[in-house]
Each structure stands twice: as structure tokens, then as C-alpha cells.
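Asker: So here's entry.txt (compact mmCIF, C-alpha atoms).
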```
# COMPACT_ATOMS: atom_id res chain seq x y z
CA MET A 24 -27.16 89.84 7.87
CA ASP A 25 -30.81 88.87 7.43
CA THR A 26 -31.44 85.43 5.95
CA SER A 27 -34.79 84.90 7.66
CA GLY A 28 -36.59 84.78 4.29
CA LEU A 29 -34.40 81.92 3.11
CA TYR A 30 -34.83 80.27 6.51
CA ARG A 31 -38.64 80.35 6.04
CA THR A 32 -38.25 78.83 2.59
CA VAL A 33 -36.04 75.97 3.75
CA THR A 34 -38.09 75.14 6.84
CA GLY A 35 -41.28 75.30 4.78
CA PHE A 36 -39.73 72.84 2.33
CA ALA A 37 -38.71 70.63 5.26
CA HIS A 38 -42.31 70.41 6.49
CA SER A 39 -43.56 69.47 3.01
CA ALA A 40 -40.91 66.73 2.60
CA PRO A 41 -41.85 63.06 3.12
CA LEU A 42 -41.62 61.82 6.68
CA TRP A 43 -38.68 59.54 5.90
CA VAL A 44 -36.71 62.51 4.56
CA GLN A 45 -37.42 64.49 7.71
CA ARG A 46 -36.30 61.58 9.89
CA ALA A 47 -33.13 61.10 7.82
CA PHE A 48 -32.18 64.75 8.28
CA GLU A 49 -32.95 64.58 11.99
CA LEU A 50 -30.64 61.57 12.35
CA TRP A 51 -27.90 63.14 10.25
CA THR A 52 -27.96 66.49 12.04
CA GLY A 53 -27.90 64.73 15.42
CA TYR A 54 -25.30 62.04 14.77
CA GLY A 55 -23.50 62.92 11.52
CA LEU A 56 -20.48 64.41 13.28
CA TRP A 57 -19.68 60.92 14.59
CA LEU A 58 -18.98 59.90 10.99
CA PHE A 59 -16.38 62.64 10.72
CA GLY A 60 -14.88 61.32 13.96
CA ALA A 61 -14.72 57.82 12.50
CA LEU A 62 -13.01 59.14 9.36
CA LEU A 63 -10.45 61.02 11.45
CA ALA A 64 -9.72 57.84 13.43
CA ALA A 65 -9.43 55.75 10.26
CA LEU A 66 -7.05 58.31 8.75
CA TRP A 67 -4.80 58.14 11.82
CA TRP A 68 -4.85 54.32 11.90
CA ARG A 69 -3.90 54.08 8.25
CA ALA A 70 -1.18 56.73 8.53
CA ARG A 71 0.53 55.20 11.57
CA GLY A 72 1.17 52.04 9.60
CA ARG A 73 3.18 53.97 7.03
CA GLY A 74 6.75 55.18 7.18
CA ASP A 75 5.94 58.76 6.16
CA ALA A 76 6.25 60.98 9.23
CA ARG A 77 4.45 63.84 7.45
CA ALA A 78 1.41 61.63 6.78
CA VAL A 79 1.24 60.74 10.47
CA ALA A 80 1.63 64.39 11.44
CA LEU A 81 -1.26 65.39 9.18
CA ALA A 82 -3.41 62.59 10.59
CA LEU A 83 -2.70 63.73 14.15
CA LEU A 84 -3.22 67.40 13.32
CA ALA A 85 -6.62 66.79 11.71
CA PRO A 86 -8.54 66.22 14.97
CA THR A 87 -6.43 68.89 16.70
CA ALA A 88 -7.37 71.44 14.04
CA THR A 89 -11.02 70.44 14.35
CA VAL A 90 -10.98 71.03 18.11
CA VAL A 91 -9.30 74.42 17.66
CA ALA A 92 -11.95 75.38 15.08
CA TYR A 93 -14.71 74.38 17.50
CA ALA A 94 -13.14 76.54 20.20
CA ALA A 95 -12.99 79.48 17.79
CA SER A 96 -16.65 78.96 16.87
CA GLU A 97 -17.63 78.90 20.54
CA ALA A 98 -15.71 82.13 21.14
CA VAL A 99 -17.53 83.90 18.31
CA LYS A 100 -20.87 82.48 19.45
CA ALA A 101 -20.35 83.85 22.96
CA THR A 102 -19.48 87.27 21.55
CA VAL A 103 -22.31 87.63 19.02
CA ASP A 104 -25.12 86.04 21.07
CA GLU A 105 -27.66 85.79 18.24
CA GLU A 106 -31.09 84.36 19.05
CA ARG A 107 -32.10 81.10 17.42
CA PRO A 108 -34.40 81.46 14.41
CA CYS A 109 -36.81 78.89 15.80
CA ARG A 110 -37.74 81.55 18.38
CA ALA A 111 -37.00 84.75 16.49
CA VAL A 112 -38.46 84.33 12.98
CA ALA A 113 -42.15 85.11 12.85
CA GLY A 114 -44.26 83.04 10.49
CA ALA A 115 -41.69 80.29 10.03
CA ALA A 116 -42.59 76.63 10.23
CA ALA A 117 -41.88 74.96 13.55
CA SER A 118 -38.47 73.36 13.86
CA LEU A 119 -38.33 69.61 13.32
CA VAL A 120 -36.19 69.16 16.43
CA GLY A 121 -36.40 70.91 19.77
CA CYS A 122 -35.31 74.54 19.70
CA PRO A 123 -32.13 74.95 21.80
CA PRO A 124 -32.69 76.75 25.11
CA PRO A 125 -32.29 80.54 25.48
CA GLY A 126 -28.67 81.51 25.87
CA ASP A 127 -27.48 78.92 23.35
CA GLY A 128 -26.62 81.35 20.56
CA SER A 129 -27.23 80.72 16.88
CA PHE A 130 -24.22 82.35 15.19
CA PRO A 131 -22.13 80.62 14.03
CA SER A 132 -23.23 77.00 13.77
CA ASN A 133 -20.85 74.82 15.75
CA HIS A 134 -21.98 71.77 13.77
CA ALA A 135 -21.08 73.51 10.51
CA ALA A 136 -17.76 74.75 11.91
CA ILE A 137 -16.77 71.27 13.09
CA ALA A 138 -17.85 69.65 9.82
CA GLY A 139 -16.02 72.29 7.77
CA ALA A 140 -12.86 71.96 9.85
CA ALA A 141 -12.87 68.16 9.75
CA ALA A 142 -13.49 68.15 5.99
CA VAL A 143 -10.64 70.57 5.27
CA ALA A 144 -8.22 68.76 7.60
CA LEU A 145 -9.12 65.39 6.07
CA VAL A 146 -8.63 66.68 2.53
CA MET A 147 -5.27 68.23 3.44
CA ALA A 148 -4.18 64.85 4.76
CA ALA A 149 -5.72 62.74 1.97
CA ARG A 150 -6.99 64.58 -1.10
CA ARG A 151 -8.83 61.51 -2.36
CA LEU A 152 -11.34 62.00 0.47
CA ALA A 153 -12.57 65.31 -0.98
CA PRO A 154 -15.47 63.81 -3.02
CA LEU A 155 -16.76 62.20 0.19
CA VAL A 156 -16.16 64.70 2.98
CA VAL A 157 -16.93 67.98 1.20
CA PRO A 158 -20.54 66.94 0.33
CA LEU A 159 -20.95 65.54 3.85
CA ALA A 160 -19.88 68.86 5.39
CA LEU A 161 -22.28 70.77 3.14
CA LEU A 162 -25.05 68.33 4.01
CA MET A 163 -24.39 68.80 7.73
CA ALA A 164 -24.59 72.57 7.31
CA PHE A 165 -27.82 72.37 5.30
CA SER A 166 -29.37 69.98 7.82
CA ARG A 167 -29.06 72.57 10.59
CA VAL A 168 -31.28 74.94 8.59
CA PHE A 169 -33.56 72.13 7.41
CA VAL A 170 -34.42 71.07 10.97
CA GLY A 171 -34.94 74.72 11.91
CA VAL A 172 -32.24 75.50 14.46
CA HIS A 173 -29.96 77.82 12.43
CA TYR A 174 -30.15 80.63 9.91
CA PRO A 175 -28.47 80.03 6.52
CA HIS A 176 -25.80 82.62 7.35
CA ASP A 177 -25.02 80.75 10.58
CA VAL A 178 -24.04 77.61 8.70
CA ALA A 179 -22.35 79.35 5.77
CA LEU A 180 -20.03 81.34 8.00
CA GLY A 181 -19.62 78.35 10.33
CA LEU A 182 -18.25 76.33 7.41
CA LEU A 183 -15.97 79.19 6.42
CA LEU A 184 -14.70 79.74 9.95
CA GLY A 185 -14.11 76.07 10.66
CA GLY A 186 -12.40 75.39 7.36
CA SER A 187 -10.19 78.49 7.58
CA VAL A 188 -9.05 77.81 11.13
CA ALA A 189 -8.33 74.16 10.35
CA ALA A 190 -6.30 75.08 7.27
CA LEU A 191 -4.22 77.60 9.21
CA VAL A 192 -3.54 75.14 12.04
CA VAL A 193 -2.48 72.37 9.66
CA LEU A 194 -0.29 74.64 7.52
CA ALA A 195 1.42 76.17 10.55
CA LEU A 196 2.08 72.95 12.45
CA THR A 197 2.76 70.26 9.85
CA GLY A 198 6.54 70.80 9.86
CA PRO A 199 6.97 70.80 13.65
CA ALA A 200 4.54 67.90 14.01
CA ALA A 201 6.42 65.78 11.47
CA ALA A 202 9.68 66.48 13.31
CA GLY A 203 7.97 65.46 16.53
CA VAL A 204 6.78 62.20 14.98
CA ARG A 205 10.34 61.37 13.89
CA ALA A 206 11.67 62.16 17.35
CA VAL A 207 9.04 60.01 19.06
CA ARG A 208 9.75 57.12 16.73
CA ALA A 209 13.50 57.46 17.27
CA GLY A 210 12.96 57.51 21.04
CA GLY A 211 11.28 54.11 20.88
CA MET A 212 8.97 54.70 23.86
CA ARG A 213 6.08 52.26 23.63
CA ALA A 214 3.32 54.84 24.21
CA GLY A 215 4.77 57.13 21.57
CA VAL A 216 5.20 54.37 19.02
CA LEU A 217 1.61 53.26 19.59
CA LEU A 218 0.54 56.79 18.68
CA THR A 219 2.83 57.38 15.70
CA GLY A 220 3.50 53.87 14.45
CA PRO A 221 6.97 52.32 14.28
CA GLY A 222 8.02 54.05 11.08
CA PRO A 223 10.69 52.70 8.73
CA SER A 224 12.67 49.69 9.88
CA GLY A 225 15.10 50.66 12.63
CA GLU A 226 13.74 54.20 13.10
CA SER A 227 12.22 53.41 16.50
CA SER A 228 15.15 51.37 17.84
CA PRO A 229 17.14 53.51 20.30
CA GLY A 230 20.88 53.05 20.38
CA VAL A 231 21.03 51.46 16.93
CA ARG A 232 22.75 53.37 14.16
CA ASN A 233 23.26 52.57 10.52
CA VAL A 234 27.00 52.78 9.83
CA PRO A 235 28.09 53.27 6.25
CA GLY A 236 29.38 50.01 4.84
CA CYS A 237 27.59 47.91 7.49
CA ARG A 238 24.40 45.98 6.95
CA LEU A 239 21.95 45.48 9.80
CA PRO A 240 20.87 41.87 10.34
```
Write the structure described by the file as C-alpha cells, please.
Answerer:
Amino acid sequence: MDTSGLYRTVTGFAHSAPLWVQRAFELWTGYGLWLFGALLAALWWRARGRGDARAVALALLAPTATVVAYAASEAVKATVDEERPCRAVAGAAASLVGCPPPGDGSFPSNHAAIAGAAAVALVMAARRLAPLVVPLALLMAFSRVFVGVHYPHDVALGLLLGGSVAALVVLALTGPAAAGVRAVRAGGMRAGVLLTGPGPSGESSPGVRNVPGCRLP
């Protein structure tokens, strides 16, 4: 897949952009993944305060799915071993950030894979986040081409890989994870309850059963 022509176009546009735009993209491409991390943490914190075990399971699976997607991206990167465009594309504008060292392959983009995975996992846990996280994932992918360290096909397939892997992980593990959350809450262990939240009243109290006809104090 040859997207070097589009790469030249985007990096040429980047060099003609105002300095503040260049700096904004440099900051976003370098630190934007931390925002996804903050959103994942906020999702977990909000979910653990609710009684819904499935919501907690989805919140816990979101970062797990993102890590699995990153591992898959790294595995593909090690297999393909594509040279970075900032060294390989003749006649292209210089990258706005330092070109990664030789041996650090270009395909697929790990940043795009992580952003795609986090976005999909967040949306599967809370659909209302879609208008926020989907554009952020696309912006992260575009920024990697804008600053000159990835081909367009690197980021496009990185998004696809990350999102697909995350979706499969969440779909496959939501049921078992929800059952695990209920078991942890029922066990009442402090460390587990800190992770999952206490759940509905009485769910995390070991040895206490609701008997038909009896009312707990």
C-alpha cells in the first residue's frame, strides 16, 4: 500500500500551517493519549459507584481491551517492519517532531491503535461519549501523519486494528467480567470492593442473606 503521495500532501500542509497550529498538533500527538487514560479512569470511578455489575465490568474491560489492542499492534509492527516515512519518502517536508530511530517500525501506528481501542471501549461502556472520543481518536491518528512520523495507511489500519481488537475483547468478556464483579462484591474483601464498588445494599456483606418475609434493619 503506497500512501506516500498523501503523506507529502499532509506534511506539506503541516509546514504551511501557522506556528500555533503546529505546536498544538505536536502537543496533542505527544500527550493526547493521556486524555484517553483520564477518560478511562473517570469511567471506572463513575461505574464503581453504581449498582450495575455490567457497567463496572465494561469500565474495567475498557483499559484491558486497550492494552490487548496495543499488544496486537506491537506484534504486527514487529512482523511488518516498515520504515518510517520521515526517512523513506523522498521530497517530503521534514517531520515536525524527531523521526523515530531505525528499527522502530511505522506500520501500524501504535498511537492510532491505542486511540481507536480506547474510543471503541469507551463507547461500548457509555454511548454518550461517542461524540467526544471518536473525533479525538481520529484527531490522534491524523496528528501522527501531520507531524510526519506515519503514513496515512499506518494510522487508518491502526485505528481499525485497535478498534476491532477492543470490540472483540469487550464482547467476549463482558459476561464473565460481570459475574466476577458480583462475586467480588459478595465476597466483601476490602481490596475487591475498592475496585468494583460496594454494589447494591447488602451485596458486599458476607454471611448476610435476605430471607423472604424478613426485612433487614
Asker: Quick one: pull the distance between CA of Gly186 (chain A) and CA of Gly139 (chain A), Å, one decimal.
Answerer: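 If I compute the distance from CA of Gly186 (chain A) to CA of Gly139 (chain A), I get 4.8 Å.
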Asker: Using all atoms listed in the file, determine which residues lie at most 12 Å from Val99 (chain A), disregarding the query and same-chain residues fewer than 3 positions distant; provide the list as a PyMOL selection string.
Answerer: chain A and resi 92-96+102-105+128-133+136+177+180-181+184-185
Asker: Wanna dump the region 107-147 of chain A-region 29-46 of chain A contacts at 12 Å for me, each residue with its shortest atom pair and the distance in Å to one decimal, counting only C-alpha atoms, ordered by chain and number, as a tab-separated table?
Answerer:
```
residue	atom	partner	partner_atom	distance
A:Arg107	CA	A:Tyr30	CA	11.3
A:Pro108	CA	A:Tyr30	CA	8.0
A:Cys109	CA	A:Tyr30	CA	9.6
A:Ala111	CA	A:Tyr30	CA	11.2
A:Val112	CA	A:Arg31	CA	8.0
A:Ala113	CA	A:Arg31	CA	9.0
A:Gly114	CA	A:Arg31	CA	7.7
A:Ala115	CA	A:Arg31	CA	5.0
A:Ala116	CA	A:Gly35	CA	5.8
A:Ala117	CA	A:Thr34	CA	7.7
A:Ser118	CA	A:Thr34	CA	7.3
A:Leu119	CA	A:Gln45	CA	7.6
A:Val120	CA	A:Gln45	CA	10.0
```
Asker: Now that the selection is made, can you save its residues with C-alpha atoms as an mmCIF file, keeping the file's coordinate frame?
Answerer:
```cif
data_model
loop_
_atom_site.group_PDB
_atom_site.id
_atom_site.type_symbol
_atom_site.label_atom_id
_atom_site.label_comp_id
_atom_site.auth_asym_id
_atom_site.auth_seq_id
_atom_site.Cartn_x
_atom_site.Cartn_y
_atom_site.Cartn_z
ATOM 1 C CA ARG A 107 -32.100 81.100 17.420
ATOM 2 C CA PRO A 108 -34.400 81.460 14.410
ATOM 3 C CA CYS A 109 -36.810 78.890 15.800
ATOM 4 C CA ALA A 111 -37.000 84.750 16.490
ATOM 5 C CA VAL A 112 -38.460 84.330 12.980
ATOM 6 C CA ALA A 113 -42.150 85.110 12.850
ATOM 7 C CA GLY A 114 -44.260 83.040 10.490
ATOM 8 C CA ALA A 115 -41.690 80.290 10.030
ATOM 9 C CA ALA A 116 -42.590 76.630 10.230
ATOM 10 C CA ALA A 117 -41.880 74.960 13.550
ATOM 11 C CA SER A 118 -38.470 73.360 13.860
ATOM 12 C CA LEU A 119 -38.330 69.610 13.320
ATOM 13 C CA VAL A 120 -36.190 69.160 16.430
#
```
Asker: Nearest residue to Ala160 (chain A) out of A:Val79, A:Leu84, A:Leu58, A:Ala189, using all atoms listed in the file?
Answerer: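 Comparing A:Val79, A:Leu84, A:Leu58, A:Ala189 against Ala160 (chain A), the winner is A:Leu58.
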Asker: Residues near Phe48 (chain A), anyone? I mean within 9 Å using all atoms listed in the file, not counting same-chain ones fewer than 5 positions away, as a ChimeraX atom specification.
Answerer: /A:43,53,163,166-167,169-170
Asker: Closest to Leu56 (chain A) among A:Ala80, A:Ala141, A:Ala195, A:Ala98, using all atoms listed in the file?
Answerer: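 Result for the nearest residue to Leu56 (chain A): A:Ala141.
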Asker: By how many Å are CA of Gly55 (chain A) and CA of Leu183 (chain A) apart?
Answerer: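 CA of Leu183 (chain A) lies 18.6 Å from CA of Gly55 (chain A).
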Asker: Between A:Val188, A:Leu196, A:Ala101, A:Trp51, which has the minimum distance to Ala164 (chain A) (counting all atoms listed in the file)?
Answerer: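 The closest residue to Ala164 (chain A) is A:Trp51.
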Asker: From the set A:Cys122, A:Ala201, A:Ala190, A:Val91, which residue has the shortest atom-to-atom contact distance to Gly171 (chain A), counting all atoms listed in the file?
Answerer: A:Cys122
Asker: In Å, rounded to a single decimal, give me how far CA of Val216 (chain A) is from CA of Arg77 (chain A).
Answerer: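 About the pair CA of Arg77 (chain A) and CA of Val216 (chain A): they are 15.0 Å apart.
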Asker: Check the smallest atom-to-atom distance from each of A:Ala148, A:Leu161, A:Met212, A:Ile137 to Arg69 (chain A) using all atoms listed in the file, then report the winner.
Answerer: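 Ranking A:Ala148, A:Leu161, A:Met212, A:Ile137 by distance to Arg69 (chain A), first place goes to A:Ala148.
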Asker: Excluding Ala85 (chain A) and its own-chain neighbours fewer than 5 positions away, which residues fall within 7 Å of it when counting all atoms listed in the file? Please give them as a PyMOL selection string.
Answerer: chain A and resi 63+141+144-145
